[in-house]
file protein04.cif (mmCIF, N, CA and C atoms)
data_final
loop_
_atom_site.label_atom_id
_atom_site.label_comp_id
_atom_site.auth_asym_id
_atom_site.auth_seq_id
_atom_site.Cartn_x
_atom_site.Cartn_y
_atom_site.Cartn_z
N MET A 1 -33.09 -26.09 110.46
CA MET A 1 -32.18 -24.97 110.54
C MET A 1 -32.12 -24.33 109.15
N ASN A 2 -32.37 -23.07 109.12
CA ASN A 2 -32.33 -22.40 107.82
C ASN A 2 -30.91 -21.89 107.53
N LEU A 3 -30.74 -21.38 106.35
CA LEU A 3 -29.42 -20.94 105.88
C LEU A 3 -28.88 -19.77 106.71
N LEU A 4 -29.74 -18.85 107.13
CA LEU A 4 -29.31 -17.69 107.92
C LEU A 4 -28.77 -18.11 109.28
N SER A 5 -29.46 -19.00 109.97
CA SER A 5 -28.98 -19.42 111.29
C SER A 5 -27.68 -20.22 111.18
N LEU A 6 -27.53 -21.01 110.12
CA LEU A 6 -26.28 -21.74 109.90
C LEU A 6 -25.12 -20.77 109.69
N PHE A 7 -25.36 -19.73 108.91
CA PHE A 7 -24.36 -18.70 108.66
C PHE A 7 -23.96 -17.99 109.95
N ILE A 8 -24.93 -17.65 110.80
CA ILE A 8 -24.65 -16.97 112.07
C ILE A 8 -23.86 -17.87 113.00
N HIS A 9 -24.23 -19.15 113.08
CA HIS A 9 -23.50 -20.07 113.94
C HIS A 9 -22.06 -20.26 113.47
N LYS A 10 -21.88 -20.38 112.17
CA LYS A 10 -20.54 -20.55 111.63
C LYS A 10 -19.69 -19.31 111.89
N ARG A 11 -20.26 -18.14 111.69
CA ARG A 11 -19.54 -16.89 111.95
C ARG A 11 -19.18 -16.74 113.42
N THR A 12 -20.10 -17.07 114.29
CA THR A 12 -19.83 -17.00 115.73
C THR A 12 -18.71 -17.96 116.11
N PHE A 13 -18.77 -19.17 115.59
CA PHE A 13 -17.74 -20.16 115.86
C PHE A 13 -16.37 -19.66 115.40
N LEU A 14 -16.28 -19.12 114.20
CA LEU A 14 -15.01 -18.61 113.68
C LEU A 14 -14.50 -17.43 114.50
N ALA A 15 -15.41 -16.56 114.93
CA ALA A 15 -15.01 -15.41 115.76
C ALA A 15 -14.45 -15.89 117.10
N ILE A 16 -15.08 -16.87 117.70
CA ILE A 16 -14.60 -17.41 118.99
C ILE A 16 -13.21 -18.03 118.82
N ILE A 17 -13.03 -18.81 117.78
CA ILE A 17 -11.73 -19.44 117.52
C ILE A 17 -10.66 -18.37 117.31
N PHE A 18 -10.98 -17.35 116.53
CA PHE A 18 -10.03 -16.26 116.27
C PHE A 18 -9.59 -15.61 117.57
N PHE A 19 -10.54 -15.26 118.44
CA PHE A 19 -10.20 -14.59 119.69
C PHE A 19 -9.44 -15.49 120.65
N LEU A 20 -9.74 -16.77 120.63
CA LEU A 20 -9.00 -17.70 121.49
C LEU A 20 -7.53 -17.77 121.10
N PHE A 21 -7.26 -17.71 119.80
CA PHE A 21 -5.87 -17.73 119.35
C PHE A 21 -5.17 -16.40 119.53
N MET A 22 -5.88 -15.30 119.43
CA MET A 22 -5.27 -13.98 119.51
C MET A 22 -5.11 -13.50 120.95
N LEU A 23 -5.92 -13.98 121.87
CA LEU A 23 -5.86 -13.52 123.26
C LEU A 23 -4.51 -13.74 123.91
N PRO A 24 -3.87 -14.91 123.78
CA PRO A 24 -2.60 -15.12 124.47
C PRO A 24 -1.41 -14.38 123.87
N VAL A 25 -1.51 -13.86 122.67
CA VAL A 25 -0.36 -13.25 122.02
C VAL A 25 0.27 -12.16 122.87
N PRO A 26 -0.47 -11.16 123.40
CA PRO A 26 0.18 -10.14 124.23
C PRO A 26 0.77 -10.71 125.51
N LEU A 27 0.19 -11.81 125.99
CA LEU A 27 0.69 -12.40 127.23
C LEU A 27 2.08 -12.98 127.06
N PHE A 28 2.46 -13.33 125.84
CA PHE A 28 3.77 -13.91 125.60
C PHE A 28 4.78 -12.87 125.13
N ALA A 29 4.43 -11.61 125.17
CA ALA A 29 5.37 -10.55 124.78
C ALA A 29 6.52 -10.55 125.78
N ALA A 30 7.55 -9.79 125.50
CA ALA A 30 8.76 -9.78 126.34
C ALA A 30 8.44 -9.32 127.75
N GLN A 31 8.16 -10.26 128.62
CA GLN A 31 7.86 -9.95 130.01
C GLN A 31 9.03 -10.32 130.91
N TYR A 32 10.09 -10.80 130.33
CA TYR A 32 11.30 -11.17 131.07
C TYR A 32 10.98 -12.20 132.15
N THR A 33 10.20 -13.19 131.79
CA THR A 33 9.91 -14.25 132.75
C THR A 33 10.67 -15.52 132.41
N GLU A 34 10.98 -15.69 131.16
CA GLU A 34 11.72 -16.88 130.75
C GLU A 34 13.20 -16.70 131.06
N GLU A 35 13.82 -17.74 131.49
CA GLU A 35 15.24 -17.69 131.81
C GLU A 35 16.06 -18.04 130.59
N VAL A 36 15.85 -17.26 129.53
CA VAL A 36 16.57 -17.47 128.28
C VAL A 36 16.96 -16.12 127.70
N SER A 37 17.91 -16.15 126.79
CA SER A 37 18.29 -14.94 126.06
C SER A 37 17.58 -14.95 124.71
N THR A 38 17.21 -13.78 124.24
CA THR A 38 16.57 -13.65 122.94
C THR A 38 17.31 -12.57 122.15
N GLN A 39 16.77 -12.22 120.99
CA GLN A 39 17.38 -11.14 120.22
C GLN A 39 17.15 -9.80 120.89
N GLU A 40 16.09 -9.67 121.69
CA GLU A 40 15.77 -8.40 122.32
C GLU A 40 16.48 -8.19 123.66
N TYR A 41 16.77 -9.27 124.36
CA TYR A 41 17.42 -9.14 125.66
C TYR A 41 18.24 -10.39 125.97
N LEU A 42 19.14 -10.25 126.94
CA LEU A 42 19.96 -11.36 127.40
C LEU A 42 19.59 -11.69 128.83
N PHE A 43 19.80 -12.92 129.22
CA PHE A 43 19.50 -13.37 130.58
C PHE A 43 20.77 -13.88 131.23
N ALA A 44 20.92 -13.58 132.52
CA ALA A 44 22.06 -14.10 133.28
C ALA A 44 21.61 -14.37 134.71
N LYS A 45 22.21 -15.39 135.29
CA LYS A 45 21.95 -15.73 136.69
C LYS A 45 23.29 -15.94 137.35
N GLY A 46 23.47 -15.36 138.53
CA GLY A 46 24.73 -15.54 139.21
C GLY A 46 24.72 -14.91 140.59
N ARG A 47 25.88 -14.99 141.24
CA ARG A 47 26.03 -14.41 142.59
C ARG A 47 26.44 -12.96 142.47
N LEU A 48 25.83 -12.15 143.28
CA LEU A 48 26.14 -10.73 143.31
C LEU A 48 27.54 -10.55 143.92
N ARG A 49 28.41 -9.86 143.20
CA ARG A 49 29.77 -9.62 143.66
C ARG A 49 29.98 -8.18 144.12
N ASP A 50 29.32 -7.24 143.47
CA ASP A 50 29.54 -5.83 143.82
C ASP A 50 28.31 -5.01 143.47
N VAL A 51 28.03 -4.04 144.34
CA VAL A 51 26.98 -3.05 144.09
C VAL A 51 27.64 -1.68 144.20
N SER A 52 27.61 -0.90 143.12
CA SER A 52 28.16 0.44 143.14
C SER A 52 27.01 1.44 143.12
N LEU A 53 26.77 2.06 144.26
CA LEU A 53 25.71 3.05 144.35
C LEU A 53 26.09 4.32 143.59
N GLU A 54 27.38 4.64 143.55
CA GLU A 54 27.85 5.82 142.81
C GLU A 54 27.56 5.70 141.32
N ASN A 55 27.95 4.55 140.76
CA ASN A 55 27.80 4.33 139.32
C ASN A 55 26.47 3.71 138.94
N GLN A 56 25.68 3.32 139.95
CA GLN A 56 24.41 2.63 139.72
C GLN A 56 24.62 1.37 138.88
N THR A 57 25.59 0.56 139.29
CA THR A 57 25.87 -0.70 138.61
C THR A 57 25.90 -1.84 139.61
N ILE A 58 25.66 -3.03 139.09
CA ILE A 58 25.85 -4.24 139.88
C ILE A 58 26.73 -5.19 139.05
N THR A 59 27.49 -6.01 139.75
CA THR A 59 28.34 -6.99 139.11
C THR A 59 27.95 -8.36 139.63
N ILE A 60 27.67 -9.28 138.70
CA ILE A 60 27.39 -10.65 139.10
C ILE A 60 28.44 -11.56 138.49
N GLN A 61 28.63 -12.69 139.14
CA GLN A 61 29.54 -13.70 138.62
C GLN A 61 28.74 -14.97 138.40
N GLN A 62 28.79 -15.45 137.16
CA GLN A 62 28.08 -16.67 136.81
C GLN A 62 28.89 -17.89 137.21
N LYS A 63 28.24 -19.05 137.19
CA LYS A 63 28.92 -20.29 137.57
C LYS A 63 30.16 -20.56 136.74
N GLY A 64 30.12 -20.23 135.47
CA GLY A 64 31.27 -20.47 134.60
C GLY A 64 32.42 -19.52 134.85
N GLY A 65 32.24 -18.54 135.73
CA GLY A 65 33.29 -17.60 136.06
C GLY A 65 33.18 -16.26 135.37
N GLN A 66 32.26 -16.12 134.41
CA GLN A 66 32.11 -14.86 133.69
C GLN A 66 31.47 -13.82 134.59
N ARG A 67 32.08 -12.63 134.60
CA ARG A 67 31.53 -11.50 135.35
C ARG A 67 30.78 -10.58 134.41
N ILE A 68 29.63 -10.12 134.86
CA ILE A 68 28.80 -9.22 134.06
C ILE A 68 28.49 -7.98 134.89
N ILE A 69 28.76 -6.83 134.32
CA ILE A 69 28.45 -5.55 134.97
C ILE A 69 27.23 -4.97 134.26
N VAL A 70 26.20 -4.61 135.05
CA VAL A 70 24.94 -4.11 134.49
C VAL A 70 24.62 -2.76 135.10
N LEU A 71 24.28 -1.82 134.24
CA LEU A 71 23.86 -0.48 134.66
C LEU A 71 22.39 -0.51 135.05
N VAL A 72 22.07 0.03 136.21
CA VAL A 72 20.69 0.11 136.69
C VAL A 72 20.24 1.55 136.53
N ASN A 73 19.11 1.74 135.83
CA ASN A 73 18.58 3.09 135.65
C ASN A 73 17.12 3.14 136.09
N ALA A 74 16.46 4.27 135.85
CA ALA A 74 15.09 4.46 136.31
C ALA A 74 14.12 3.49 135.65
N GLU A 75 14.44 3.00 134.45
CA GLU A 75 13.55 2.08 133.75
C GLU A 75 13.75 0.62 134.16
N THR A 76 14.80 0.33 134.91
CA THR A 76 15.07 -1.04 135.32
C THR A 76 14.02 -1.48 136.34
N GLU A 77 13.41 -2.63 136.05
CA GLU A 77 12.39 -3.19 136.94
C GLU A 77 13.08 -3.99 138.03
N LEU A 78 12.79 -3.67 139.29
CA LEU A 78 13.39 -4.36 140.43
C LEU A 78 12.32 -5.25 141.08
N LYS A 79 12.62 -6.53 141.26
CA LYS A 79 11.70 -7.47 141.89
C LYS A 79 12.39 -8.15 143.06
N GLY A 80 11.71 -8.20 144.20
CA GLY A 80 12.28 -8.84 145.38
C GLY A 80 13.04 -7.87 146.27
N PHE A 81 13.16 -6.63 145.82
CA PHE A 81 13.80 -5.56 146.59
C PHE A 81 13.39 -4.24 145.96
N GLU A 82 13.58 -3.14 146.71
CA GLU A 82 13.15 -1.84 146.19
C GLU A 82 14.30 -0.94 145.78
N LYS A 83 15.46 -1.08 146.45
CA LYS A 83 16.61 -0.22 146.17
C LYS A 83 17.87 -1.06 146.12
N LEU A 84 18.86 -0.58 145.38
CA LEU A 84 20.13 -1.30 145.25
C LEU A 84 20.81 -1.52 146.60
N VAL A 85 20.63 -0.59 147.51
CA VAL A 85 21.29 -0.68 148.81
C VAL A 85 20.83 -1.92 149.59
N GLU A 86 19.69 -2.48 149.23
CA GLU A 86 19.17 -3.67 149.91
C GLU A 86 19.89 -4.95 149.49
N LEU A 87 20.58 -4.91 148.36
CA LEU A 87 21.28 -6.10 147.87
C LEU A 87 22.58 -6.32 148.64
N GLN A 88 22.90 -7.58 148.90
CA GLN A 88 24.12 -7.92 149.61
C GLN A 88 24.95 -8.86 148.75
N GLY A 89 26.25 -8.75 148.90
CA GLY A 89 27.15 -9.65 148.18
C GLY A 89 26.83 -11.09 148.50
N GLY A 90 26.87 -11.93 147.50
CA GLY A 90 26.58 -13.35 147.69
C GLY A 90 25.15 -13.72 147.34
N ASN A 91 24.24 -12.73 147.26
CA ASN A 91 22.87 -13.02 146.85
C ASN A 91 22.86 -13.59 145.44
N VAL A 92 22.05 -14.60 145.20
CA VAL A 92 21.86 -15.10 143.85
C VAL A 92 20.76 -14.25 143.22
N ILE A 93 21.05 -13.68 142.07
CA ILE A 93 20.06 -12.84 141.38
C ILE A 93 19.97 -13.24 139.91
N LYS A 94 18.85 -12.87 139.33
CA LYS A 94 18.62 -13.10 137.90
C LYS A 94 18.50 -11.73 137.25
N ILE A 95 19.11 -11.60 136.07
CA ILE A 95 19.12 -10.30 135.39
C ILE A 95 18.73 -10.49 133.93
N TRP A 96 17.84 -9.63 133.46
CA TRP A 96 17.52 -9.52 132.05
C TRP A 96 18.08 -8.17 131.62
N TYR A 97 18.88 -8.14 130.58
CA TYR A 97 19.53 -6.89 130.17
C TYR A 97 19.72 -6.86 128.67
N ARG A 98 20.02 -5.67 128.17
CA ARG A 98 20.35 -5.54 126.75
C ARG A 98 21.71 -4.87 126.65
N GLN A 99 22.42 -5.23 125.59
CA GLN A 99 23.73 -4.63 125.37
C GLN A 99 23.56 -3.35 124.58
N ASP A 100 24.32 -2.34 124.99
CA ASP A 100 24.26 -1.02 124.37
C ASP A 100 25.69 -0.55 124.20
N LYS A 101 25.89 0.50 123.42
CA LYS A 101 27.26 1.01 123.23
C LYS A 101 27.85 1.53 124.53
N SER A 102 26.98 1.90 125.50
CA SER A 102 27.47 2.38 126.79
C SER A 102 27.62 1.26 127.82
N GLY A 103 27.28 0.02 127.44
CA GLY A 103 27.42 -1.10 128.36
C GLY A 103 26.16 -1.94 128.41
N ASN A 104 26.04 -2.73 129.45
CA ASN A 104 24.87 -3.58 129.65
C ASN A 104 23.82 -2.80 130.44
N ILE A 105 22.63 -2.63 129.87
CA ILE A 105 21.56 -1.87 130.49
C ILE A 105 20.57 -2.85 131.11
N GLY A 106 20.34 -2.74 132.40
CA GLY A 106 19.42 -3.64 133.09
C GLY A 106 17.98 -3.37 132.72
N LEU A 107 17.25 -4.43 132.39
CA LEU A 107 15.83 -4.33 132.11
C LEU A 107 15.02 -4.79 133.31
N LYS A 108 15.44 -5.92 133.89
CA LYS A 108 14.78 -6.43 135.09
C LYS A 108 15.82 -7.16 135.94
N ILE A 109 15.75 -6.92 137.23
CA ILE A 109 16.64 -7.61 138.19
C ILE A 109 15.73 -8.28 139.21
N LEU A 110 15.89 -9.58 139.37
CA LEU A 110 15.06 -10.35 140.28
C LEU A 110 15.92 -10.97 141.37
N LYS A 111 15.56 -10.68 142.60
CA LYS A 111 16.19 -11.34 143.74
C LYS A 111 15.16 -12.33 144.28
N PRO A 112 15.38 -13.61 144.01
CA PRO A 112 14.42 -14.62 144.50
C PRO A 112 14.34 -14.61 146.03
N PRO A 113 13.20 -14.97 146.58
CA PRO A 113 13.08 -15.00 148.05
C PRO A 113 14.05 -16.01 148.64
N GLU A 114 14.60 -15.65 149.78
CA GLU A 114 15.55 -16.53 150.46
C GLU A 114 14.75 -17.53 151.28
N LEU A 115 15.10 -18.79 151.13
CA LEU A 115 14.44 -19.86 151.88
C LEU A 115 15.30 -20.24 153.06
N GLY A 116 14.65 -20.61 154.11
CA GLY A 116 15.41 -21.04 155.29
C GLY A 116 14.75 -20.57 156.57
N CYS A 117 15.41 -20.88 157.67
CA CYS A 117 14.84 -20.56 158.98
C CYS A 117 15.10 -19.13 159.36
#
call {"tool": "encode", "arguments": {"input": "protein04.cif", "output": "structure tokens"}}
result
Amino acid sequence: MNLLSLFIHKRTFLAIIFFLFMLPVPLFAAQYTEEVSTQEYLFAKGRLRDVSLENQTITIQQKGGQRIIVLVNAETELKGFEKLVELQGGNVIKIWYRQDKSGNIGLKILKPPELGC
């Protein structure tokens, strides 16, 4: 093996390692899949208590008793349903939202599939 081929192999190896480490980075960006709160958004899970079609808000109640009102706008991602009117009181939903001076702004609302007969 001459010096040139060793250099090419080493460079190829380093390039492959670099891309393997860099490839997953965008995949871990804020996709609102983790059930945790971060500096960019907050997470909540609870039972749906109220849907206001007039105000475009939903209210959930968490197990600890805290009620959270979230504004739903055109940028809010809806999963498991297409329109607010489809939600029913008592549904367990997960919400990713950010706090703003005008209130809690919904980023993603997930209604898990209902299991049963």
call {"tool": "closest_residue", "arguments": {"input": "protein04.cif", "among": "A:Glu82, A:Gly65, A:Ile109, A:Gln39", "to": "Ile95 in chain A", "atoms": "only N, CA and C atoms"}}
result
A:Ile109
call {"tool": "resolve_selection", "arguments": {"input": "protein04.cif", "expression": "the PyMOL selection byres (((chain A and resi 62 and name CA) around 12) and name CA)", "output": "list in words"}}
result
Phe43, Ala44, Lys45, Gly46, Arg47, Leu48, Arg49, Thr59, Ile60, Gln61, Lys63, Gly64, Gly65, Gln66, Arg67, Ile68, Ile69, Gly90, Asn91, Val92, Ile93, Lys94 and Ile95 of chain A
call {"tool": "atom_distance", "arguments": {"input": "protein04.cif", "atom1": "CA of Tyr97 in chain A", "atom2": "atom C of Leu53 in chain A"}}
result
18.7 Å
call {"tool": "resolve_selection", "arguments": {"input": "protein04.cif", "expression": "the PyMOL selection byres (((chain A and resi 85 and name CA) around 12) and name CA)", "output": "list in words"}}
result
Asp50, Val51, Ser52, Leu53, Glu54, Gln56, Thr57, Ile58, Phe81, Glu82, Lys83, Leu84, Glu86, Leu87, Gln88 and Gly89 of chain A
call {"tool": "atom_distance", "arguments": {"input": "protein04.cif", "atom1": "atom N of Glu40 in chain A", "atom2": "atom N of Glu114 in chain A"}}
result
28.8 Å
call {"tool": "atom_distance", "arguments": {"input": "protein04.cif", "atom1": "atom N of Leu78 in chain A", "atom2": "atom N of Lys108 in chain A"}}
result
6.4 Å
call {"tool": "residues_around", "arguments": {"input": "protein04.cif", "residues": "Tyr41 in chain A", "least_positions_apart": "5", "cutoff": "7 Å", "atoms": "all atoms listed in the file", "output": "ChimeraX atom specification"}}
result
/A:36,96-99
call {"tool": "resolve_selection", "arguments": {"input": "protein04.cif", "expression": "the PyMOL selection byres (((chain A and resi 77 and name CA) around 9) and name CA)", "output": "list in words"}}
result
Val72, Asn73, Ala74, Glu75, Thr76, Leu78, Lys79, Gly106, Leu107, Lys108, Ile109 and Leu110 of chain A
call {"tool": "residues_near_point", "arguments": {"input": "protein04.cif", "point": "(24.3, 0.4, 133.7)", "cutoff": "5 Å", "atoms": "all atoms listed in the file", "output": "ChimeraX atom specification"}}
result
/A:70-72,104-105
call {"tool": "write_last_selection", "arguments": {"input": "protein04.cif", "atoms": "N, CA and C atoms", "output": "PDB file, in the coordinates of the input"}}
result
ATOM      1  N   VAL A  70      26.200  -4.610 135.050  1.00  0.00           N
ATOM      2  CA  VAL A  70      24.940  -4.110 134.490  1.00  0.00           C
ATOM      3  C   VAL A  70      24.620  -2.760 135.100  1.00  0.00           C
ATOM      4  N   LEU A  71      24.280  -1.820 134.240  1.00  0.00           N
ATOM      5  CA  LEU A  71      23.860  -0.480 134.660  1.00  0.00           C
ATOM      6  C   LEU A  71      22.390  -0.510 135.050  1.00  0.00           C
ATOM      7  N   VAL A  72      22.070   0.030 136.210  1.00  0.00           N
ATOM      8  CA  VAL A  72      20.690   0.110 136.690  1.00  0.00           C
ATOM      9  C   VAL A  72      20.240   1.550 136.530  1.00  0.00           C
ATOM     10  N   ASN A 104      26.040  -2.730 129.450  1.00  0.00           N
ATOM     11  CA  ASN A 104      24.870  -3.580 129.650  1.00  0.00           C
ATOM     12  C   ASN A 104      23.820  -2.800 130.440  1.00  0.00           C
ATOM     13  N   ILE A 105      22.630  -2.630 129.870  1.00  0.00           N
ATOM     14  CA  ILE A 105      21.560  -1.870 130.490  1.00  0.00           C
ATOM     15  C   ILE A 105      20.570  -2.850 131.110  1.00  0.00           C
TER      16      ILE A 105
END
